[in-house]
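S.K.: Please find final.csv (CSV, C-alpha atoms) on the next line:
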chain,number,residue,atom,x,y,z
A,1,MET,CA,0.0,0.0,0.0
A,2,ALA,CA,2.8,2.3,1.0
A,3,LYS,CA,4.6,1.4,-2.2
A,4,GLU,CA,1.5,2.1,-4.3
A,5,GLY,CA,1.2,5.5,-2.6
A,6,LEU,CA,4.9,6.3,-3.4
A,7,VAL,CA,4.3,5.2,-7.0
A,8,THR,CA,1.3,7.6,-7.2
A,9,TYR,CA,3.3,10.4,-5.6
A,10,VAL,CA,6.2,10.0,-8.1
A,11,ASP,CA,3.7,9.8,-11.0
A,12,ASN,CA,2.0,13.0,-9.8
A,13,ASP,CA,5.3,14.8,-9.7
A,14,LEU,CA,6.2,13.6,-13.2
A,15,VAL,CA,2.8,14.5,-14.6
A,16,ARG,CA,3.2,18.0,-13.1
A,17,ARG,CA,6.6,18.4,-14.8
A,18,ILE,CA,5.3,17.1,-18.1
A,19,ARG,CA,2.5,19.7,-18.0
A,20,GLU,CA,5.3,22.2,-17.8
A,21,GLY,CA,6.9,20.8,-20.9
A,22,ASP,CA,9.6,18.6,-19.4
A,23,VAL,CA,10.2,15.8,-21.9
A,24,THR,CA,12.7,14.0,-19.6
A,25,ALA,CA,9.9,13.6,-17.1
A,26,PHE,CA,7.7,12.0,-19.8
A,27,GLU,CA,10.6,9.6,-20.6
A,28,GLU,CA,10.7,8.6,-17.0
A,29,LEU,CA,6.9,8.0,-16.9
A,30,PHE,CA,7.2,6.1,-20.2
A,31,ALA,CA,9.9,3.8,-18.6
A,32,ARG,CA,7.7,3.2,-15.6
A,33,HIS,CA,4.5,2.3,-17.5
A,34,GLN,CA,5.5,1.0,-20.9
A,35,ARG,CA,5.6,-2.6,-19.8
A,36,ARG,CA,2.1,-2.4,-18.4
A,37,VAL,CA,0.7,-0.7,-21.5
A,38,TYR,CA,2.5,-3.1,-23.8
A,39,ASN,CA,1.2,-6.2,-22.0
A,40,ILE,CA,-2.4,-4.9,-22.1
A,41,CYS,CA,-2.1,-4.1,-25.8
A,42,LEU,CA,-0.4,-7.4,-26.6
A,43,GLN,CA,-3.0,-9.5,-24.8
A,44,ILE,CA,-5.9,-7.6,-26.3
A,45,LEU,CA,-4.5,-7.4,-29.8
A,46,ASN,CA,-2.7,-10.8,-29.8
A,47,ASN,CA,-0.1,-9.3,-32.2
A,48,GLU,CA,3.4,-8.3,-31.2
A,49,ALA,CA,4.0,-5.6,-33.9
A,50,GLU,CA,0.6,-4.0,-33.5
A,51,ALA,CA,1.0,-4.0,-29.7
A,52,ALA,CA,4.3,-2.1,-30.1
A,53,ASP,CA,2.8,0.4,-32.5
A,54,VAL,CA,-0.3,1.0,-30.3
A,55,THR,CA,1.9,1.3,-27.2
A,56,GLN,CA,3.8,4.1,-28.9
A,57,ASP,CA,0.6,5.8,-30.0
A,58,VAL,CA,-0.9,5.6,-26.5
A,59,PHE,CA,2.1,7.4,-25.1
A,60,VAL,CA,2.2,10.0,-27.9
A,61,LYS,CA,-1.5,10.7,-27.3
A,62,ALA,CA,-1.0,10.8,-23.6
A,63,TYR,CA,1.8,13.4,-24.0
A,64,LYS,CA,-0.2,15.5,-26.4
A,65,SER,CA,-3.4,15.5,-24.4
A,66,ILE,CA,-2.0,15.5,-20.9
A,67,LYS,CA,-3.5,18.9,-20.3
A,68,SER,CA,-7.0,17.4,-20.6
A,69,LEU,CA,-6.2,15.1,-17.6
A,70,LYS,CA,-8.2,16.5,-14.8
A,71,SER,CA,-6.2,15.0,-11.9
A,72,ASP,CA,-2.5,14.1,-11.9
A,73,ALA,CA,-3.4,11.1,-9.6
A,74,ALA,CA,-5.6,9.7,-12.3
A,75,PHE,CA,-2.8,9.3,-14.8
A,76,VAL,CA,-2.4,5.5,-14.7
A,77,GLY,CA,-6.1,4.8,-15.1
A,78,TRP,CA,-6.3,7.4,-17.9
A,79,LEU,CA,-3.3,5.7,-19.6
A,80,LYS,CA,-5.0,2.3,-19.4
A,81,THR,CA,-8.3,3.8,-20.8
A,82,LEU,CA,-6.3,5.2,-23.7
A,83,ALA,CA,-4.6,1.8,-24.2
A,84,VAL,CA,-7.9,-0.1,-24.3
A,85,ASN,CA,-9.6,2.5,-26.6
A,86,MET,CA,-6.7,2.5,-29.0
A,87,CYS,CA,-6.6,-1.3,-29.1
A,88,ARG,CA,-10.3,-1.2,-30.0
A,89,ASP,CA,-9.5,1.2,-32.8
A,90,ALA,CA,-6.7,-1.0,-34.0
A,91,LEU,CA,-9.0,-4.0,-34.0
A,92,ARG,CA,-11.5,-2.1,-36.1
A,93,LYS,CA,-8.8,-1.2,-38.6
A,94,ARG,CA,-7.6,-4.8,-38.6
A,95,VAL,CA,-10.9,-5.9,-40.1
A,96,ARG,CA,-9.7,-4.2,-43.3
A,97,THR,CA,-6.2,-5.5,-43.3
A,98,ALA,CA,-6.9,-8.9,-41.6
A,99,SER,CA,-3.4,-9.7,-40.7
A,100,VAL,CA,-3.1,-11.6,-37.4
A,101,GLN,CA,0.1,-12.8,-36.1
A,102,SER,CA,-0.3,-15.5,-33.6
A,103,LEU,CA,1.2,-15.2,-30.2
A,104,ASP,CA,2.5,-18.7,-30.7
A,105,LYS,CA,5.5,-17.3,-32.5
A,106,LEU,CA,6.3,-15.0,-29.6
A,107,ILE,CA,6.1,-17.8,-27.2
A,108,GLU,CA,8.0,-20.2,-29.3
A,109,THR,CA,10.9,-17.8,-29.8
A,110,GLY,CA,11.0,-17.3,-26.0
A,111,ASP,CA,10.8,-13.6,-26.1
A,112,GLY,CA,8.3,-13.4,-23.3
A,113,ASP,CA,9.2,-12.8,-19.7
A,114,CYS,CA,6.6,-15.5,-18.9
A,115,LEU,CA,9.1,-17.9,-20.4
A,116,GLN,CA,12.2,-16.1,-19.2
A,117,ARG,CA,10.9,-16.2,-15.7
A,118,GLU,CA,9.8,-19.7,-16.1
A,119,ILE,CA,13.3,-20.8,-17.3
A,120,GLU,CA,14.9,-19.1,-14.3
A,121,ASP,CA,12.5,-20.6,-11.8
A,122,TRP,CA,12.4,-24.1,-13.3
A,123,SER,CA,15.8,-24.5,-14.8
A,124,HIS,CA,16.7,-27.2,-12.3
A,125,ASN,CA,14.0,-29.5,-13.8
A,126,PRO,CA,13.8,-29.4,-17.6
A,127,GLU,CA,10.7,-31.6,-17.7
A,128,ARG,CA,8.7,-29.3,-15.4
A,129,SER,CA,10.1,-26.4,-17.4
A,130,MET,CA,8.4,-27.8,-20.5
A,131,ASP,CA,5.2,-28.3,-18.5
A,132,LYS,CA,5.2,-24.7,-17.4
A,133,ARG,CA,6.0,-23.5,-20.9
A,134,GLU,CA,3.1,-25.4,-22.3
A,135,THR,CA,0.8,-24.2,-19.5
A,136,CYS,CA,1.7,-20.7,-20.2
A,137,LYS,CA,1.1,-21.1,-23.9
A,138,ILE,CA,-2.3,-22.7,-23.3
A,139,VAL,CA,-3.5,-20.1,-20.8
A,140,GLN,CA,-2.5,-17.4,-23.2
A,141,LYS,CA,-4.4,-19.0,-26.0
A,142,ALA,CA,-7.4,-19.3,-23.8
A,143,ILE,CA,-7.3,-15.6,-22.9
A,144,SER,CA,-6.8,-14.5,-26.5
A,145,SER,CA,-9.7,-16.7,-27.7
A,146,LEU,CA,-12.2,-14.8,-25.5
A,147,SER,CA,-14.5,-12.3,-27.0
A,148,LEU,CA,-13.2,-8.7,-26.9
A,149,ASP,CA,-15.5,-7.7,-24.0
A,150,TYR,CA,-14.4,-10.6,-21.9
A,151,ARG,CA,-10.8,-10.3,-23.0
A,152,GLU,CA,-10.5,-6.7,-21.9
A,153,VAL,CA,-11.8,-7.5,-18.5
A,154,VAL,CA,-9.6,-10.6,-18.1
A,155,VAL,CA,-6.5,-8.7,-19.3
A,156,LEU,CA,-7.1,-5.8,-16.9
A,157,PHE,CA,-7.9,-8.2,-14.0
A,158,TYR,CA,-5.3,-10.9,-14.4
A,159,VAL,CA,-2.6,-9.3,-16.6
A,160,ASP,CA,-2.7,-5.8,-15.1
A,161,GLY,CA,-3.9,-6.9,-11.7
A,162,ALA,CA,-6.5,-4.2,-11.4
A,163,GLU,CA,-9.5,-4.3,-9.1
A,164,VAL,CA,-13.0,-4.6,-10.4
A,165,ASN,CA,-13.8,-0.9,-9.4
A,166,GLU,CA,-10.8,0.3,-11.2
A,167,ILE,CA,-11.6,-1.8,-14.4
A,168,ALA,CA,-15.1,-0.2,-14.3
A,169,LYS,CA,-13.5,3.2,-14.4
A,170,THR,CA,-11.1,2.3,-17.1
A,171,LEU,CA,-13.7,0.8,-19.3
A,172,ASN,CA,-16.3,3.4,-18.4
A,173,SER,CA,-18.8,0.7,-17.5
A,174,PRO,CA,-20.9,0.0,-14.3
A,175,VAL,CA,-19.2,-2.3,-11.7
A,176,GLY,CA,-22.0,-4.8,-12.1
A,177,THR,CA,-21.3,-5.1,-15.8
A,178,ILE,CA,-17.7,-5.7,-15.2
A,179,LYS,CA,-18.4,-8.3,-12.5
A,180,SER,CA,-20.8,-10.0,-14.8
A,181,ARG,CA,-18.3,-10.1,-17.7
A,182,LEU,CA,-15.6,-11.3,-15.4
A,183,ALA,CA,-17.8,-14.1,-14.2
A,184,ARG,CA,-18.7,-15.2,-17.8
A,185,ALA,CA,-15.1,-15.0,-18.9
A,186,ARG,CA,-14.0,-17.1,-15.9
A,187,ALA,CA,-16.6,-19.7,-16.7
A,188,GLU,CA,-15.3,-19.8,-20.2
A,189,LEU,CA,-11.7,-20.1,-19.1
A,190,LYS,CA,-12.7,-22.8,-16.7
A,191,ARG,CA,-14.3,-24.8,-19.6
A,192,LYS,CA,-11.2,-24.3,-21.7
A,193,LEU,CA,-8.6,-25.0,-19.1
A,194,ALA,CA,-10.2,-27.6,-16.7
A,195,HIS,CA,-8.2,-30.4,-18.3
A,196,LEU,CA,-5.0,-28.8,-17.0
A,197,VAL,CA,-5.9,-29.2,-13.3
A,198,GLU,CA,-6.4,-32.3,-11.3
A,199,THR,CA,-8.8,-32.2,-8.4
B,1,MET,CA,-30.9,-29.3,-0.6
B,2,LEU,CA,-33.0,-26.8,-2.5
B,3,MET,CA,-30.8,-26.2,-5.6
B,4,LYS,CA,-30.0,-28.8,-8.2
B,5,CYS,CA,-26.4,-29.6,-8.9
B,6,GLU,CA,-26.7,-28.4,-12.5
B,7,ASN,CA,-27.9,-25.0,-11.3
B,8,VAL,CA,-25.2,-24.7,-8.7
B,9,ARG,CA,-22.5,-25.5,-11.2
B,10,GLN,CA,-23.8,-22.9,-13.7
B,11,LEU,CA,-23.5,-20.3,-11.0
B,12,LEU,CA,-20.1,-21.1,-9.6
B,13,ALA,CA,-18.4,-18.3,-11.7
B,14,GLU,CA,-21.0,-15.8,-10.5
B,15,TYR,CA,-20.6,-17.0,-7.0
B,16,ARG,CA,-16.9,-16.5,-7.1
B,17,SER,CA,-17.3,-13.1,-8.8
B,18,ASP,CA,-19.5,-11.8,-6.0
B,19,ILE,CA,-22.5,-10.9,-8.1
B,20,LEU,CA,-25.2,-13.1,-6.5
B,21,SER,CA,-27.6,-12.1,-3.9
B,22,PRO,CA,-26.8,-13.0,-0.3
B,23,ARG,CA,-29.6,-15.5,-0.3
B,24,LYS,CA,-28.3,-17.2,-3.5
B,25,ASN,CA,-24.8,-17.3,-2.0
B,26,ARG,CA,-26.1,-19.0,1.1
B,27,GLU,CA,-28.0,-21.6,-0.9
B,28,ILE,CA,-24.9,-22.4,-3.0
B,29,GLU,CA,-22.8,-22.7,0.2
B,30,GLU,CA,-25.4,-25.0,1.8
B,31,HIS,CA,-25.5,-27.1,-1.3
B,32,ILE,CA,-21.7,-27.4,-1.6
B,33,ALA,CA,-21.4,-28.3,2.0
B,34,ALA,CA,-23.7,-31.3,1.4
B,35,CYS,CA,-22.6,-32.3,-2.2
B,36,SER,CA,-19.1,-33.6,-2.7
B,37,ASP,CA,-19.4,-33.5,-6.5
B,38,CYS,CA,-20.3,-29.8,-6.6
B,39,ALA,CA,-17.6,-29.1,-3.9
B,40,ARG,CA,-15.1,-30.8,-6.3
B,41,GLU,CA,-16.4,-28.7,-9.1
B,42,LEU,CA,-15.8,-25.5,-7.1
B,43,ASN,CA,-12.3,-26.7,-6.2
B,44,GLU,CA,-11.6,-27.3,-9.9
B,45,PHE,CA,-12.9,-23.8,-10.7
B,46,ASP,CA,-10.6,-22.3,-8.1
B,47,ALA,CA,-7.7,-24.3,-9.4
B,48,VAL,CA,-8.2,-23.1,-12.9
B,49,MET,CA,-8.3,-19.5,-11.8
B,50,ALA,CA,-5.2,-20.0,-9.7
B,51,LEU,CA,-3.5,-21.5,-12.8
B,52,VAL,CA,-4.5,-18.5,-14.9
B,53,GLU,CA,-3.2,-16.1,-12.3
B,54,SER,CA,0.1,-17.9,-12.0
B,55,ASN,CA,0.6,-18.1,-15.8
B,56,VAL,CA,-0.4,-14.7,-17.0
B,57,PRO,CA,1.9,-13.4,-19.6
B,58,ASP,CA,4.3,-10.6,-18.8
B,59,TYR,CA,6.4,-9.7,-21.8
B,60,THR,CA,9.2,-7.2,-22.1
B,61,PRO,CA,8.4,-4.5,-24.6
B,62,PRO,CA,10.7,-4.4,-27.7
B,63,GLN,CA,13.7,-2.1,-27.5
B,64,GLY,CA,13.5,1.3,-29.1
B,65,LEU,CA,9.8,2.1,-28.4
B,66,TRP,CA,10.8,5.4,-26.6
B,67,ASN,CA,12.7,6.6,-29.7
B,68,GLY,CA,9.6,6.3,-31.8
B,69,VAL,CA,7.6,8.2,-29.1
B,70,TYR,CA,10.2,10.8,-28.7
B,71,ASN,CA,10.4,11.5,-32.4
B,72,LYS,CA,6.7,11.9,-32.6
B,73,ILE,CA,6.3,14.2,-29.6
B,74,THR,CA,9.2,16.4,-30.5
B,75,SER,CA,8.8,16.8,-34.3
B,76,PRO,CA,6.8,19.9,-35.3
B,77,GLU,CA,3.2,19.1,-36.1
B,78,GLN,CA,2.5,18.9,-39.9
B,79,PRO,CA,-0.5,21.1,-40.7
B,80,VAL,CA,-3.3,19.1,-42.0
B,81,PRO,CA,-4.4,20.4,-45.4
B,82,VAL,CA,-7.9,21.9,-45.6
B,83,PHE,CA,-9.2,19.1,-47.8
B,84,GLY,CA,-7.7,16.5,-45.4
B,85,LYS,CA,-9.5,18.1,-42.5
B,86,ILE,CA,-12.8,18.0,-44.4
B,87,GLN,CA,-12.1,14.4,-45.3
B,88,GLN,CA,-11.3,13.6,-41.7
B,89,TRP,CA,-14.5,15.3,-40.6
B,90,LEU,CA,-16.6,13.5,-43.1
B,91,ARG,CA,-14.7,10.3,-42.6
B,92,ILE,CA,-15.2,9.2,-46.2
B,93,PRO,CA,-12.5,7.9,-48.5
B,94,ILE,CA,-10.9,10.3,-50.9
B,95,HIS,CA,-12.1,8.5,-54.0
B,96,ALA,CA,-15.7,8.6,-52.7
B,97,ALA,CA,-15.4,12.4,-52.0
B,98,GLY,CA,-14.1,12.8,-55.6
B,99,VAL,CA,-16.9,10.8,-57.1
B,100,GLY,CA,-19.4,12.8,-55.1
B,101,ALA,CA,-18.0,16.1,-56.1
B,102,ALA,CA,-17.9,15.1,-59.8
B,103,ALA,CA,-21.5,13.9,-59.7
B,104,LEU,CA,-22.6,17.2,-58.0
B,105,ALA,CA,-20.7,19.2,-60.6
B,106,ILE,CA,-22.4,17.4,-63.5
B,107,VAL,CA,-25.9,17.8,-61.9
B,108,VAL,CA,-25.2,21.6,-61.3
B,109,GLY,CA,-23.8,22.0,-64.8
B,110,LEU,CA,-26.8,20.3,-66.5
B,111,PHE,CA,-29.2,22.3,-64.4
B,112,PHE,CA,-27.7,25.7,-65.3
B,113,SER,CA,-26.7,24.9,-68.9
B,114,PRO,CA,-28.7,26.6,-71.7
B,115,VAL,CA,-29.6,23.0,-72.9
B,116,HIS,CA,-31.7,22.7,-69.8
B,117,GLN,CA,-33.8,25.7,-70.8
B,118,SER,CA,-37.0,24.9,-72.6
B,119,PRO,CA,-37.4,26.1,-76.2
B,120,GLY,CA,-39.9,28.8,-75.2
B,121,SER,CA,-37.7,30.5,-72.7
B,122,ASP,CA,-36.3,33.9,-73.5
B,123,LEU,CA,-32.5,33.5,-74.3
B,124,ARG,CA,-32.3,36.4,-76.7
B,125,MET,CA,-29.9,39.1,-75.8
B,126,THR,CA,-30.9,42.7,-75.5
B,127,THR,CA,-29.5,45.5,-77.6
B,128,ALA,CA,-27.4,46.7,-74.7
B,129,ASP,CA,-25.9,43.1,-74.4
B,130,ASN,CA,-25.0,43.1,-78.0
B,131,ARG,CA,-23.3,46.5,-77.9
B,132,TYR,CA,-21.3,45.4,-74.9
B,133,ILE,CA,-20.2,42.2,-76.6
B,134,GLN,CA,-19.2,44.2,-79.7
B,135,ALA,CA,-17.2,46.7,-77.7
B,136,HIS,CA,-15.5,44.0,-75.7
B,137,ALA,CA,-14.7,41.9,-78.7
B,138,TYR,CA,-13.4,44.8,-80.6
B,139,SER,CA,-11.1,45.9,-77.8
B,140,VAL,CA,-9.6,42.4,-77.1
B,141,SER,CA,-9.2,41.7,-80.9
B,142,GLN,CA,-6.6,44.5,-80.9
B,143,SER,CA,-4.2,42.3,-78.8
B,144,PRO,CA,-1.4,40.9,-81.0
B,145,LEU,CA,-2.1,37.3,-79.7
B,146,ALA,CA,-5.9,37.5,-80.2
B,147,ASP,CA,-7.8,35.4,-82.6
B,148,ARG,CA,-8.9,38.3,-84.7
B,149,ALA,CA,-11.0,36.3,-87.1
B,150,GLY,CA,-12.9,34.8,-84.2
B,151,TYR,CA,-13.6,38.2,-82.7
B,152,VAL,CA,-14.7,39.7,-86.0
B,153,SER,CA,-17.2,36.9,-86.5
B,154,LEU,CA,-18.5,37.5,-83.0
B,155,ILE,CA,-18.9,41.2,-83.7
B,156,THR,CA,-20.7,40.4,-87.0
B,157,PHE,CA,-23.0,37.9,-85.2
B,158,SER,CA,-23.9,40.4,-82.5
B,159,GLN,CA,-24.6,43.1,-85.0
B,160,GLU,CA,-26.9,40.7,-87.0
B,161,SER,CA,-28.6,39.8,-83.7
B,162,GLU,CA,-29.1,43.5,-82.9
B,163,ASP,CA,-30.5,44.2,-86.4
B,164,GLU,CA,-33.0,41.4,-86.0
B,165,GLN,CA,-34.2,42.9,-82.7
B,166,THR,CA,-34.6,46.4,-84.2
B,167,HIS,CA,-36.5,45.2,-87.2
Mind turning the file's structure into structure tokens?
M.R.:
Amino acid sequence: MAKEGLVTYVDNDLVRRIREGDVTAFEELFARHQRRVYNICLQILNNEAEAADVTQDVFVKAYKSIKSLKSDAAFVGWLKTLAVNMCRDALRKRVRTASVQSLDKLIETGDGDCLQREIEDWSHNPERSMDKRETCKIVQKAISSLSLDYREVVVLFYVDGAEVNEIAKTLNSPVGTIKSRLARARAELKRKLAHLVET
Amino acid sequence: MLMKCENVRQLLAEYRSDILSPRKNREIEEHIAACSDCARELNEFDAVMALVESNVPDYTPPQGLWNGVYNKITSPEQPVPVFGKIQQWLRIPIHAAGVGAAALAIVVGLFFSPVHQSPGSDLRMTTADNRYIQAHAYSVSQSPLADRAGYVSLITFSQESEDEQTH
């Protein structure tokens, strides 16, 4: 909690400096939040190159419209709202171009931290490492196969670690709607992934 | 046991997502306490959610993203051409706008062209018009690059037209 408060305090200070035209402050803010934005974009778009492009666009838009941000403390939520909205725009554009690159490639090449972390944690046991790798891949596929409404909520809840109230604000939807989407998404994930658990 | 197993299993996700009424929650809890199959189903649900939570992806963004952002925020903004702004506002593709403008021009052209006028309508020029045309044609025909023969025939035509009107 104290750490979260410190993070917000530092963000507020950076946002104040950005408002005054300090680009180095924006670079610092970018460094602090690019991973979060990139992972949200990647999981919603399921495409590495698009996620990188949209991540850049999110920060460019954030910089250019930071004066419209009502409260400095609301920066992270605002950034996530921008990310989700710009992912939706990218998905609409994609209908025309229809080029989807599967996350499989990303996973297979081992670029993801999911795998890097897994290799560090499980390096003493190659067999279990393979299990973990497969599990990670299957979970990711299950998330990316959800409908956009469910995927957004699942990504913000599990990938970003946001609370339901926060997700409601980010997606500008009632808390009840978010809870309902989360429940349905969980039910779908359970159907898709039940074979991986033994009870 | 009031609720059926099938109903309980359908509501497990809602139960865990805290969207059921307190009464429904209590009914499910009572059912699960008495039904080992549904209790196993709930354990399986929790295990799957724990699996998702412990296997969520966390990728490192590619190198160089900041450079792209920096270039975009520090480069001077290119002014959007007026037509571009209109197109953005209308949100229509450029070729559609072109086709629309051409169609409009044709309709307007046909409407205002003399061909559109009915035979009975009065297109004849007045004497003042003829005199103005003659004077203008005469003055421009003095230019070294003018098509003198053309202007002379125009002067002749307007004179004939004037004669017709006076007789």
S.K.: Using atom CA of Phe45 of chain B and atom CA of Tyr38 of chain A as the two end points, give the distance in Å to one decimal.
M.R.: 28.9 Å
S.K.: From the set B:Ser21, B:Asn7, B:Thr156, B:Ser54, which residue has the shortest atom-to-atom contact distance to chain A, counting all atoms listed in the file?
M.R.: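 With all atoms listed in the file as the atom set, the closest residue is B:Ser54.
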S.K.: Quick one: of A:Arg32, A:Lys70, A:Arg186, A:Lys169, who's nearest to Ser17 of chain B, counting all atoms listed in the file?
M.R.: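 Checking each of A:Arg32, A:Lys70, A:Arg186, A:Lys169 against Ser17 of chain B, counting all atoms listed in the file, the winner is A:Arg186.
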S.K.: Report as JSON, numbers by chain all protein, DNA and RNA residues lying within 9 Å of segment 158-161 of chain A, evaluated on only C-alpha atoms, omitting residues in the same chain fewer than 2 positions from it.
M.R.: {"A": [36, 37, 39, 40, 43, 153, 154, 155, 156, 163], "B": [52, 53, 56, 57, 58]}
S.K.: As an exercise, work out the distance from atom CA of Lys72 of chain B to atom CA of Phe75 of chain A in Å and give it to one decimal place.
M.R.: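 The value is 20.3 Å.
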S.K.: If I take atom CA of Asn47 of chain A and atom CA of Ala185 of chain A, how far is one from the other in Å, to one decimal?
M.R.: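 Between atom CA of Asn47 of chain A and atom CA of Ala185 of chain A the gap works out to 20.8 Å.
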S.K.: With chain B as the partner and 7 Å as the cut-off, tabulate the residues of chain A that qualify, each row holding the nearest pair of atoms and their distance in Å to one decimal, using all atoms listed in the file, sorted by chain and rising number, as JSON lines.
M.R.:
{"residue": "A:Arg35", "atom": "CA", "partner": "B:Pro61", "partner_atom": "CA", "distance": 5.9}
{"residue": "A:Tyr38", "atom": "CA", "partner": "B:Pro61", "partner_atom": "CA", "distance": 6.1}
{"residue": "A:Asn39", "atom": "CA", "partner": "B:Asp58", "partner_atom": "CA", "distance": 6.3}
{"residue": "A:Gln56", "atom": "CA", "partner": "B:Val69", "partner_atom": "CA", "distance": 5.6}
{"residue": "A:Phe59", "atom": "CA", "partner": "B:Val69", "partner_atom": "CA", "distance": 6.8}
{"residue": "A:Val60", "atom": "CA", "partner": "B:Val69", "partner_atom": "CA", "distance": 5.8}
{"residue": "A:Gly112", "atom": "CA", "partner": "B:Tyr59", "partner_atom": "CA", "distance": 4.4}
{"residue": "A:Asp113", "atom": "CA", "partner": "B:Tyr59", "partner_atom": "CA", "distance": 4.7}
{"residue": "A:Cys114", "atom": "CA", "partner": "B:Pro57", "partner_atom": "CA", "distance": 5.2}
{"residue": "A:Cys136", "atom": "CA", "partner": "B:Asn55", "partner_atom": "CA", "distance": 5.2}
{"residue": "A:Val139", "atom": "CA", "partner": "B:Val52", "partner_atom": "CA", "distance": 6.2}
{"residue": "A:Gln140", "atom": "CA", "partner": "B:Pro57", "partner_atom": "CA", "distance": 7.0}
{"residue": "A:Tyr158", "atom": "CA", "partner": "B:Glu53", "partner_atom": "CA", "distance": 6.0}
{"residue": "A:Val159", "atom": "CA", "partner": "B:Val56", "partner_atom": "CA", "distance": 5.8}
{"residue": "A:Lys179", "atom": "CA", "partner": "B:Ser17", "partner_atom": "CA", "distance": 6.2}
{"residue": "A:Ser180", "atom": "CA", "partner": "B:Ile19", "partner_atom": "CA", "distance": 7.0}
{"residue": "A:Ala183", "atom": "CA", "partner": "B:Ala13", "partner_atom": "CA", "distance": 4.9}
{"residue": "A:Arg184", "atom": "CA", "partner": "B:Ala13", "partner_atom": "CA", "distance": 6.8}
{"residue": "A:Arg186", "atom": "CA", "partner": "B:Ala13", "partner_atom": "CA", "distance": 6.2}
{"residue": "A:Ala187", "atom": "CA", "partner": "B:Ala13", "partner_atom": "CA", "distance": 5.5}
{"residue": "A:Lys190", "atom": "CA", "partner": "B:Val48", "partner_atom": "CA", "distance": 5.9}
{"residue": "A:Leu193", "atom": "CA", "partner": "B:Val48", "partner_atom": "CA", "distance": 6.5}
{"residue": "A:Ala194", "atom": "CA", "partner": "B:Val48", "partner_atom": "CA", "distance": 6.2}
{"residue": "A:Val197", "atom": "CA", "partner": "B:Ala47", "partner_atom": "CA", "distance": 6.5}
{"residue": "A:Thr199", "atom": "CA", "partner": "B:Glu44", "partner_atom": "CA", "distance": 5.8}
S.K.: Pick out the closest residue to Ala74 of chain A from this set: A:Asn165, A:Asn12, A:Gln34, A:Ser144. Count all atoms listed in the file.
M.R.: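 Using all atoms listed in the file, the shortest distance to Ala74 of chain A belongs to A:Asn12.
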S.K.: Counting all atoms listed in the file, what is within 8 Å of Ile28 of chain B, bar same-chain residues fewer than 2 positions away, as a PDB file with C-alpha atoms, in the coordinates of the input?
M.R.:
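Just written: out-v1.pdb:
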ATOM      1  CA  MET B   3     -30.800 -26.200  -5.600  1.00  0.00           C
ATOM      2  CA  VAL B   8     -25.200 -24.700  -8.700  1.00  0.00           C
ATOM      3  CA  TYR B  15     -20.600 -17.000  -7.000  1.00  0.00           C
ATOM      4  CA  LYS B  24     -28.300 -17.200  -3.500  1.00  0.00           C
ATOM      5  CA  ASN B  25     -24.800 -17.300  -2.000  1.00  0.00           C
ATOM      6  CA  ARG B  26     -26.100 -19.000   1.100  1.00  0.00           C
ATOM      7  CA  GLU B  30     -25.400 -25.000   1.800  1.00  0.00           C
ATOM      8  CA  HIS B  31     -25.500 -27.100  -1.300  1.00  0.00           C
ATOM      9  CA  ILE B  32     -21.700 -27.400  -1.600  1.00  0.00           C
TER      10      ILE B  32
END
S.K.: Can you pull out the residues contacting Met86 of chain A? Cut-off 10 Å, using all atoms listed in the file, and skip same-chain residues under 3 positions away; I want them as an mmCIF file with C-alpha atoms, keeping the file's coordinate frame.
M.R.:
data_model
loop_
_atom_site.group_PDB
_atom_site.id
_atom_site.type_symbol
_atom_site.label_atom_id
_atom_site.label_comp_id
_atom_site.auth_asym_id
_atom_site.auth_seq_id
_atom_site.Cartn_x
_atom_site.Cartn_y
_atom_site.Cartn_z
ATOM 1 C CA CYS A 41 -2.100 -4.100 -25.800
ATOM 2 C CA VAL A 54 -0.300 1.000 -30.300
ATOM 3 C CA THR A 55 1.900 1.300 -27.200
ATOM 4 C CA ASP A 57 0.600 5.800 -30.000
ATOM 5 C CA VAL A 58 -0.900 5.600 -26.500
ATOM 6 C CA LYS A 61 -1.500 10.700 -27.300
ATOM 7 C CA LYS A 80 -5.000 2.300 -19.400
ATOM 8 C CA THR A 81 -8.300 3.800 -20.800
ATOM 9 C CA LEU A 82 -6.300 5.200 -23.700
ATOM 10 C CA ALA A 83 -4.600 1.800 -24.200
ATOM 11 C CA ASP A 89 -9.500 1.200 -32.800
ATOM 12 C CA ALA A 90 -6.700 -1.000 -34.000
ATOM 13 C CA LEU A 91 -9.000 -4.000 -34.000
ATOM 14 C CA ARG A 92 -11.500 -2.100 -36.100
#
